[in-house]
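target_6.pdb follows; it contains PDB, C-alpha atoms.
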```pdb
MODEL        1
ATOM      1  CA  MET W1299      74.211  89.796 106.359
ATOM      2  CA  ASN W1300      70.430  90.072 106.696
ATOM      3  CA  GLN W1301      70.672  88.739 110.235
ATOM      4  CA  THR W1302      68.271  89.660 113.008
ATOM      5  CA  ALA W1303      69.838  87.504 115.739
ATOM      6  CA  ALA W1304      72.048  89.294 118.248
ATOM      7  CA  GLU W1305      75.143  87.195 117.573
ATOM      8  CA  PRO W1306      76.562  85.594 114.397
ATOM      9  CA  GLU W1307      76.841  81.851 114.136
ATOM     10  CA  VAL W1308      79.938  80.498 115.882
ATOM     11  CA  GLY W1309      82.295  78.108 114.146
ATOM     12  CA  ILE W1310      84.124  77.957 110.869
ATOM     13  CA  GLY W1311      82.710  75.507 108.365
ATOM     14  CA  ALA W1312      83.669  75.017 104.737
ATOM     15  CA  THR W1313      80.373  76.468 103.539
ATOM     16  CA  ARG W1314      80.756  79.642 105.550
ATOM     17  CA  THR W1315      84.348  80.170 104.484
ATOM     18  CA  ASP W1316      83.655  79.491 100.819
ATOM     19  CA  ARG W1317      80.689  81.854 100.847
ATOM     20  CA  VAL W1318      82.825  84.664 102.241
ATOM     21  CA  ARG W1319      85.672  83.963  99.825
ATOM     22  CA  ASP W1320      83.231  84.138  96.929
ATOM     23  CA  ALA W1321      81.920  87.441  98.266
ATOM     24  CA  ALA W1322      85.481  88.775  98.519
ATOM     25  CA  TYR W1323      86.059  87.825  94.872
ATOM     26  CA  ARG W1324      82.959  89.761  93.807
ATOM     27  CA  ILE W1325      83.951  92.762  95.939
ATOM     28  CA  ARG W1326      87.336  92.828  94.206
ATOM     29  CA  ALA W1327      85.750  92.438  90.776
ATOM     30  CA  ASN W1328      83.291  95.230  91.502
ATOM     31  CA  ALA W1329      86.095  97.466  92.734
ATOM     32  CA  LEU W1330      87.776  96.958  89.347
ATOM     33  CA  THR W1331      84.507  97.884  87.612
ATOM     34  CA  GLN W1332      84.457 101.177  89.493
ATOM     35  CA  GLY W1333      88.130 101.856  88.968
ATOM     36  CA  GLU W1334      87.840 101.416  85.230
ATOM     37  CA  VAL W1335      85.205 104.168  85.103
ATOM     38  CA  GLN W1336      87.889 106.661  86.139
ATOM     39  CA  GLY W1337      90.973 104.761  84.960
ATOM     40  CA  GLN W1338      92.486 105.238  88.391
ATOM     41  CA  GLY W1339      91.702 105.350  92.077
ATOM     42  CA  TYR W1340      92.245 103.705  95.434
ATOM     43  CA  ILE W1341      92.112 100.250  93.925
ATOM     44  CA  GLY W1342      95.026  98.797  95.865
ATOM     45  CA  GLN W1343      93.275  99.444  99.183
ATOM     46  CA  ALA W1344      90.008  97.959  97.915
ATOM     47  CA  LEU W1345      91.713  94.758  96.792
ATOM     48  CA  GLY W1346      93.611  94.474 100.062
ATOM     49  CA  ILE W1347      90.654  94.958 102.418
ATOM     50  CA  ALA W1348      88.134  92.924 100.403
ATOM     51  CA  ASP W1349      88.418  89.801 102.573
ATOM     52  CA  VAL W1350      87.649  91.781 105.728
ATOM     53  CA  LEU W1351      84.694  93.560 104.140
ATOM     54  CA  ALA W1352      83.370  90.266 102.806
ATOM     55  CA  ALA W1353      83.557  88.717 106.278
ATOM     56  CA  LEU W1354      81.590  91.673 107.626
ATOM     57  CA  TYR W1355      78.979  92.269 104.927
ATOM     58  CA  ALA W1356      78.437  88.684 103.761
ATOM     59  CA  ASP W1357      78.489  87.082 107.198
ATOM     60  CA  HIS W1358      78.946  89.121 110.337
ATOM     61  CA  LEU W1359      77.003  92.380 110.468
ATOM     62  CA  ASN W1360      73.385  92.630 111.577
ATOM     63  CA  LEU W1361      71.822  94.555 108.681
ATOM     64  CA  ARG W1362      68.587  94.881 106.775
ATOM     65  CA  PRO W1363      69.631  95.772 103.222
ATOM     66  CA  GLU W1364      66.131  96.967 102.373
ATOM     67  CA  ASP W1365      66.186  99.300 105.416
ATOM     68  CA  PRO W1366      69.676 100.844 105.831
ATOM     69  CA  GLU W1367      68.381 103.079 108.656
ATOM     70  CA  TRP W1368      67.047 100.179 110.771
ATOM     71  CA  GLU W1369      67.536 101.291 114.386
ATOM     72  CA  ASP W1370      69.031  97.996 115.604
ATOM     73  CA  ARG W1371      71.577  97.650 112.786
ATOM     74  CA  ASP W1372      75.276  97.319 113.444
ATOM     75  CA  ARG W1373      77.006 100.542 112.438
ATOM     76  CA  PHE W1374      80.028 100.333 110.144
ATOM     77  CA  LEU W1375      81.999 103.588 110.067
ATOM     78  CA  LEU W1376      84.511 104.196 107.298
ATOM     79  CA  SER W1377      87.039 106.633 108.780
ATOM     80  CA  ILE W1378      89.167 106.426 105.667
ATOM     81  CA  GLY W1379      86.813 108.016 103.184
ATOM     82  CA  HIS W1380      89.001 107.243 100.170
ATOM     83  CA  TYR W1381      88.301 103.532 100.760
ATOM     84  CA  ALA W1382      84.743 104.239  99.591
ATOM     85  CA  ILE W1383      85.388 102.301  96.368
ATOM     86  CA  ALA W1384      85.755  99.175  98.540
ATOM     87  CA  LEU W1385      82.730  99.905 100.711
ATOM     88  CA  TYR W1386      80.493 100.558  97.689
ATOM     89  CA  ALA W1387      81.454  97.126  96.365
ATOM     90  CA  ALA W1388      80.613  95.606  99.766
ATOM     91  CA  LEU W1389      77.296  97.451  99.961
ATOM     92  CA  ALA W1390      76.424  96.115  96.510
ATOM     93  CA  GLU W1391      77.372  92.604  97.632
ATOM     94  CA  ALA W1392      75.080  93.027 100.655
ATOM     95  CA  GLY W1393      72.196  94.274  98.512
ATOM     96  CA  VAL W1394      72.110  97.788  99.974
ATOM     97  CA  ILE W1395      72.813  99.440  96.613
ATOM     98  CA  PRO W1396      72.318  97.974  93.105
ATOM     99  CA  VAL W1397      75.378  96.395  91.527
ATOM    100  CA  GLU W1398      74.532  98.293  88.317
ATOM    101  CA  GLU W1399      75.037 101.600  90.125
ATOM    102  CA  LEU W1400      78.743 100.902  90.594
ATOM    103  CA  SER W1401      79.344 101.963  86.993
ATOM    104  CA  THR W1402      78.489 105.548  88.048
ATOM    105  CA  TYR W1403      81.420 105.707  90.497
ATOM    106  CA  ALA W1404      82.758 109.264  90.946
ATOM    107  CA  THR W1405      80.787 110.652  88.004
ATOM    108  CA  ASP W1406      78.636 113.781  88.055
ATOM    109  CA  ASP W1407      75.407 113.371  90.073
ATOM    110  CA  SER W1408      76.408 109.894  91.255
ATOM    111  CA  ARG W1409      75.493 108.657  94.734
ATOM    112  CA  LEU W1410      78.983 107.134  94.848
ATOM    113  CA  PRO W1411      81.572 109.930  95.179
ATOM    114  CA  MET W1412      85.269 109.107  95.314
ATOM    115  CA  SER W1413      85.396 109.913  99.045
ATOM    116  CA  GLY W1414      82.523 108.545 101.127
ATOM    117  CA  MET W1415      79.648 110.941 101.919
ATOM    118  CA  SER W1416      76.853 109.869 104.242
ATOM    119  CA  THR W1417      74.448 112.360 102.666
ATOM    120  CA  TYR W1418      74.714 110.635  99.277
ATOM    121  CA  THR W1419      75.024 106.904  99.782
ATOM    122  CA  PRO W1420      72.684 104.448 101.559
ATOM    123  CA  GLY W1421      74.631 102.455 104.138
ATOM    124  CA  MET W1422      77.402 105.059 104.428
ATOM    125  CA  GLU W1423      77.194 105.970 108.121
ATOM    126  CA  VAL W1424      79.715 108.853 108.180
ATOM    127  CA  SER W1425      81.426 111.139 105.698
ATOM    128  CA  GLY W1426      85.158 110.596 105.321
ATOM    129  CA  GLY W1427      88.091 112.581 104.104
ATOM    130  CA  SER W1428      90.065 114.155 106.930
ATOM    131  CA  LEU W1429      91.581 111.201 108.774
ATOM    132  CA  GLY W1430      91.394 110.614 112.509
ATOM    133  CA  HIS W1431      87.704 111.367 113.081
ATOM    134  CA  GLY W1432      85.974 108.020 112.686
ATOM    135  CA  LEU W1433      86.818 106.467 116.041
ATOM    136  CA  GLY W1434      85.724 109.609 117.871
ATOM    137  CA  VAL W1435      82.360 109.418 116.104
ATOM    138  CA  ALA W1436      82.205 105.721 117.032
ATOM    139  CA  VAL W1437      82.574 106.671 120.709
ATOM    140  CA  GLY W1438      79.573 108.992 120.503
ATOM    141  CA  ILE W1439      77.398 106.485 118.649
ATOM    142  CA  ALA W1440      78.371 103.666 121.028
ATOM    143  CA  LEU W1441      77.520 105.789 124.073
ATOM    144  CA  GLY W1442      74.152 106.636 122.530
ATOM    145  CA  LEU W1443      73.375 103.000 121.783
ATOM    146  CA  ARG W1444      74.276 102.022 125.338
ATOM    147  CA  ARG W1445      71.936 104.651 126.772
ATOM    148  CA  LYS W1446      69.157 103.204 124.634
ATOM    149  CA  ASP W1447      69.986  99.623 125.698
ATOM    150  CA  ASN W1448      70.499  98.885 122.012
ATOM    151  CA  PRO W1449      72.687  95.760 121.557
ATOM    152  CA  ALA W1450      74.107  96.858 118.196
ATOM    153  CA  HIS W1451      77.857  97.049 117.682
ATOM    154  CA  VAL W1452      79.818  99.923 116.161
ATOM    155  CA  TYR W1453      82.639  98.935 113.799
ATOM    156  CA  ASN W1454      85.223 101.476 112.656
ATOM    157  CA  LEU W1455      87.639 100.735 109.822
ATOM    158  CA  LEU W1456      90.869 102.712 110.163
ATOM    159  CA  SER W1457      94.105 102.677 108.191
ATOM    160  CA  ASP W1458      97.588 102.316 109.645
ATOM    161  CA  GLY W1459      98.264 105.874 108.495
ATOM    162  CA  GLU W1460      95.312 107.035 110.572
ATOM    163  CA  LEU W1461      97.083 105.772 113.687
ATOM    164  CA  SER W1462      99.470 108.722 113.367
ATOM    165  CA  GLU W1463      96.589 111.115 114.108
ATOM    166  CA  GLY W1464      96.435 112.273 117.729
ATOM    167  CA  SER W1465      92.638 112.393 117.660
ATOM    168  CA  THR W1466      92.593 108.638 117.047
ATOM    169  CA  TRP W1467      94.415 107.997 120.322
ATOM    170  CA  GLU W1468      92.163 110.387 122.223
ATOM    171  CA  ALA W1469      89.249 108.267 121.020
ATOM    172  CA  VAL W1470      91.117 105.065 121.948
ATOM    173  CA  GLN W1471      91.433 106.330 125.515
ATOM    174  CA  ALA W1472      87.819 107.524 125.627
ATOM    175  CA  CYS W1473      86.573 104.097 124.485
ATOM    176  CA  ALA W1474      88.497 102.393 127.261
ATOM    177  CA  HIS W1475      87.474 104.975 129.886
ATOM    178  CA  HIS W1476      83.792 104.378 129.150
ATOM    179  CA  GLY W1477      84.202 100.609 128.806
ATOM    180  CA  LEU W1478      82.615 100.611 125.360
ATOM    181  CA  ASP W1479      82.571  96.906 124.609
ATOM    182  CA  ASN W1480      80.147  97.593 121.754
ATOM    183  CA  VAL W1481      83.024  99.124 119.730
ATOM    184  CA  ILE W1482      85.232  97.088 117.399
ATOM    185  CA  ALA W1483      88.040  98.988 115.679
ATOM    186  CA  ILE W1484      89.500  97.315 112.585
ATOM    187  CA  VAL W1485      92.879  98.594 111.424
ATOM    188  CA  ASP W1486      94.062  97.934 107.868
ATOM    189  CA  MET W1487      97.828  97.550 108.202
ATOM    190  CA  ASN W1488      98.793  97.717 104.534
ATOM    191  CA  ARG W1489     102.066  99.514 105.326
ATOM    192  CA  GLN W1490     101.686 102.286 102.789
ATOM    193  CA  VAL W1491     100.498 105.892 103.019
ATOM    194  CA  ALA W1492     100.371 108.653 100.425
ATOM    195  CA  ASP W1493     103.957 109.757 101.129
ATOM    196  CA  GLY W1494     105.549 106.302 101.136
ATOM    197  CA  PRO W1495     106.067 103.326 103.478
ATOM    198  CA  ALA W1496     103.981 103.890 106.604
ATOM    199  CA  GLN W1497     106.728 103.064 109.087
ATOM    200  CA  GLU W1498     109.114 105.537 107.463
ATOM    201  CA  VAL W1499     106.572 108.363 107.381
ATOM    202  CA  MET W1500     105.351 107.904 110.962
ATOM    203  CA  GLY W1501     105.975 104.626 112.759
ATOM    204  CA  THR W1502     102.860 103.190 114.403
ATOM    205  CA  GLU W1503     104.098  99.700 115.259
ATOM    206  CA  PRO W1504     103.567  97.726 117.382
ATOM    207  CA  ALA W1505      99.959  98.764 116.767
ATOM    208  CA  ASP W1506      98.426  95.861 118.677
ATOM    209  CA  GLU W1507     100.462  96.605 121.800
ATOM    210  CA  LYS W1508      99.553 100.292 121.669
ATOM    211  CA  PHE W1509      95.849  99.450 121.752
ATOM    212  CA  ARG W1510      96.428  96.820 124.436
ATOM    213  CA  VAL W1511      98.222  99.154 126.857
ATOM    214  CA  ASN W1512      95.298 101.564 126.493
ATOM    215  CA  GLY W1513      92.896  98.950 127.835
ATOM    216  CA  TRP W1514      91.621  97.289 124.649
ATOM    217  CA  HIS W1515      91.134  93.599 123.897
ATOM    218  CA  VAL W1516      93.215  93.076 120.743
ATOM    219  CA  LEU W1517      93.658  90.383 118.121
ATOM    220  CA  ARG W1518      96.017  90.524 115.150
ATOM    221  CA  VAL W1519      95.526  88.405 112.032
ATOM    222  CA  ASP W1520      96.404  88.052 108.378
ATOM    223  CA  GLY W1521      93.639  90.216 106.929
ATOM    224  CA  ASN W1522      93.663  88.227 103.692
ATOM    225  CA  ASP W1523      93.019  84.921 105.503
ATOM    226  CA  VAL W1524      89.225  84.550 105.565
ATOM    227  CA  ASP W1525      89.220  81.833 108.249
ATOM    228  CA  ALA W1526      91.410  83.937 110.534
ATOM    229  CA  VAL W1527      89.273  87.032 110.065
ATOM    230  CA  LEU W1528      86.007  85.182 110.732
ATOM    231  CA  THR W1529      87.368  83.500 113.851
ATOM    232  CA  ALA W1530      88.689  86.803 115.188
ATOM    233  CA  LEU W1531      85.423  88.648 114.535
ATOM    234  CA  ASP W1532      83.491  85.926 116.372
ATOM    235  CA  GLU W1533      85.754  86.211 119.406
ATOM    236  CA  LEU W1534      85.706  89.992 119.462
ATOM    237  CA  ARG W1535      81.939  90.139 119.162
ATOM    238  CA  SER W1536      81.512  87.920 122.211
ATOM    239  CA  HIS W1537      84.121  89.694 124.384
ATOM    240  CA  ARG W1538      82.709  91.868 127.161
ATOM    241  CA  GLY W1539      84.164  94.502 129.458
ATOM    242  CA  SER W1540      86.390  96.537 127.134
ATOM    243  CA  PRO W1541      86.553  97.888 123.571
ATOM    244  CA  LYS W1542      87.979  95.555 120.961
ATOM    245  CA  ALA W1543      90.467  95.963 118.119
ATOM    246  CA  LEU W1544      91.288  93.745 115.144
ATOM    247  CA  ILE W1545      94.634  94.533 113.539
ATOM    248  CA  CYS W1546      94.651  93.186 109.972
ATOM    249  CA  ASP W1547      97.893  92.785 108.051
ATOM    250  CA  THR W1548      96.908  93.074 104.389
ATOM    251  CA  VAL W1549      98.543  93.177 100.965
ATOM    252  CA  MET W1550      97.618  96.091  98.731
ATOM    253  CA  GLY W1551      96.428  94.893  95.333
ATOM    254  CA  LYS W1552      95.735  91.425  96.782
ATOM    255  CA  GLY W1553      94.528  88.888  94.234
ATOM    256  CA  ILE W1554      96.083  90.559  91.186
ATOM    257  CA  PRO W1555      99.833  89.832  90.944
ATOM    258  CA  MET W1556     100.344  92.541  88.333
ATOM    259  CA  LEU W1557      99.138  95.159  90.827
ATOM    260  CA  GLU W1558     100.569  93.623  94.008
ATOM    261  CA  SER W1559     104.068  94.081  92.615
ATOM    262  CA  ARG W1560     103.759  97.790  91.851
ATOM    263  CA  GLU W1561     105.847 100.148  93.918
ATOM    264  CA  LYS W1562     103.243 102.875  94.434
ATOM    265  CA  LEU W1563      99.754 101.657  95.234
ATOM    266  CA  HIS W1564      98.174 104.420  97.293
ATOM    267  CA  PHE W1565      96.477 106.082  94.323
ATOM    268  CA  MET W1566      96.884 103.895  91.298
ATOM    269  CA  ARG W1567      96.616 104.632  87.606
ATOM    270  CA  VAL W1568      95.878 101.580  85.473
ATOM    271  CA  ALA W1569      96.411 101.596  81.718
ATOM    272  CA  GLU W1570      93.425 100.948  79.488
ATOM    273  CA  ASP W1571      94.758  97.599  78.308
ATOM    274  CA  GLU W1572      95.499  96.396  81.856
ATOM    275  CA  TRP W1573      91.941  96.175  83.187
ATOM    276  CA  GLN W1574      91.154  92.922  81.414
ATOM    277  CA  ILE W1575      94.499  91.487  82.476
ATOM    278  CA  ALA W1576      93.602  92.372  86.056
ATOM    279  CA  ARG W1577      90.225  90.650  85.759
ATOM    280  CA  ASP W1578      91.807  87.552  84.256
ATOM    281  CA  GLN W1579      94.403  87.323  87.026
ATOM    282  CA  LEU W1580      91.721  87.809  89.677
ATOM    283  CA  LYS W1581      89.591  85.043  88.207
ATOM    284  CA  GLU W1582      92.536  82.668  87.816
ATOM    285  CA  GLY W1583      93.559  83.188  91.421
ATOM    286  CA  HIS W1584      90.037  82.633  92.718
ATOM    287  CA  GLU W1585      89.556  79.435  90.740
ATOM    288  CA  ALA W1586      92.961  77.984  91.577
TER     289      ALA W1586
ENDMDL
END
```
Entire entry expressed as structure tokens:
Amino acid sequence: MNQTAAEPEVGIGATRTDRVRDAAYRIRANALTQGEVQGQGYIGQALGIADVLAALYADHLNLRPEDPEWEDRDRFLLSIGHYAIALYAALAEAGVIPVEELSTYATDDSRLPMSGMSTYTPGMEVSGGSLGHGLGVAVGIALGLRRKDNPAHVYNLLSDGELSEGSTWEAVQACAHHGLDNVIAIVDMNRQVADGPAQEVMGTEPADEKFRVNGWHVLRVDGNDVDAVLTALDELRSHRGSPKALICDTVMGKGIPMLESREKLHFMRVAEDEWQIARDQLKEGHEA
């Protein structure tokens, strides 16, 4: 975050890891703040992907929070627009939007709609909603940056459900064809889509092998292990010659046992008396 150097610092030290873990805790807490405004939402996804977003926005991305349109910034594309609740929390952690604004989530005239809209929110590079478009947009942006000799990277966060979209695999092949080593796709493998378990609805495993046979350099990690995520992002950033993918196995509702154990987590309704319980469990887990 706030970096101007071309590459992030290499190596995993206790200070770096702790800083990212603390950021992940705040991202989760701020996702709960937004969820309570509506009493419901895509909270499970936000809790599950928080460690990855913390690694990106608190450590890895080249950004200028005071200038979200800085030409040399790394681009982070949120294909899965309903994950906006998580990205808003990350943008607040990075200083792109005020933390106080999170309390306006999905309300009338808010800059923070339930599904991400680039026309409303600073730091939101693309509008989301219909799945399967983000990686194709990443191809176009990456080609443009290469023509300009701009060293910035393009990151695209996809869901495992999005891997069932044919347009995603067209973009996978296009990335490899053009040798776009400035693209890093991050796939949130939380194993659940709106209609049920992801593998039952449309099997996408082995996701890492499918990217690999299409010419990508691929790593797969526990997406809730901060050290593993940081190490993988460092390696992918330095790799040259082909596009890169990070497959992250995550737990929906991570950090709040009460929510982790629920059967349906895609769009979650939380009772009024459960929000404080959720905050208490999150805090206890972070301090343990």
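Residue nearest Asp1406 (chain W) within the list W:Gln1336, W:Asn1522, W:Ala1440, W:His1537: W:Gln1336 [criterion: smallest interatomic distance, all atoms listed in the file].
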**Request:** Kindly indicate which residue among W:Ile1545, W:Ala1356, W:Ala1569, W:Leu1443 lies nearest to Gly1393 (chain W), using only C-alpha atoms for the distances.
**Result:** W:Ala1356
Residues of region 1372-1401 of chain W that approach region 1424-1431 of chain W to 9 Å or less, counting only C-alpha atoms: could you list each one with the shortest pair of atoms and its distance in Å to one decimal, rows by chain and increasing residue number, as a Markdown table?
```
| residue | atom | partner | partner_atom | distance |
| --- | --- | --- | --- | --- |
| W:Phe1374 | CA | W:Val1424 | CA | 8.7 |
| W:Leu1375 | CA | W:Val1424 | CA | 6.0 |
| W:Leu1376 | CA | W:Gly1426 | CA | 6.7 |
| W:Ser1377 | CA | W:Gly1426 | CA | 5.6 |
| W:Ile1378 | CA | W:Gly1426 | CA | 5.8 |
| W:Gly1379 | CA | W:Gly1426 | CA | 3.7 |
| W:His1380 | CA | W:Gly1427 | CA | 6.7 |
| W:Tyr1381 | CA | W:Gly1426 | CA | 9.0 |
| W:Ala1382 | CA | W:Gly1426 | CA | 8.6 |
```
**Asked** Selected by the PyMOL selection byres ((chain W and resi 1512) around 8) in the shown coordinates: which residues, as a count of residues only?
**Response** 9
**Request:** Run the PyMOL selection byres ((chain W and resi 1548) around 8) on the file and write out the hits as a list in words.
**Result:** Gly1346, Ile1347, Asp1486, Met1487, Asn1488, Asp1520, Gly1521, Asn1522, Cys1546, Asp1547, Val1549, Met1550 and Lys1552 of chain W
**Item:** Explicit residues for the PyMOL selection byres ((chain W and resi 1414-1423) around 12) (as an MDAnalysis selection string)
**Value:** chainID W and resid 1355 1361:1368 1371:1390 1392:1396 1399:1400 1403:1404 1407:1413 1424:1428 1432 1435:1436 1439 1452:1455
**Item:** Residue contacts of Leu1528 (chain W) (10 Å, only C-alpha atoms) excluding same-chain residues fewer than 5 positions away, as a PyMOL selection string
**Value:** chain W and resi 1308-1310+1314-1315+1318+1349-1350+1352-1354+1357-1358+1521+1523+1533-1534
**CA of Lys1446 (chain W) to CA of Ala1483 (chain W), distance in Å rounded to a single decimal** = 21.3 Å
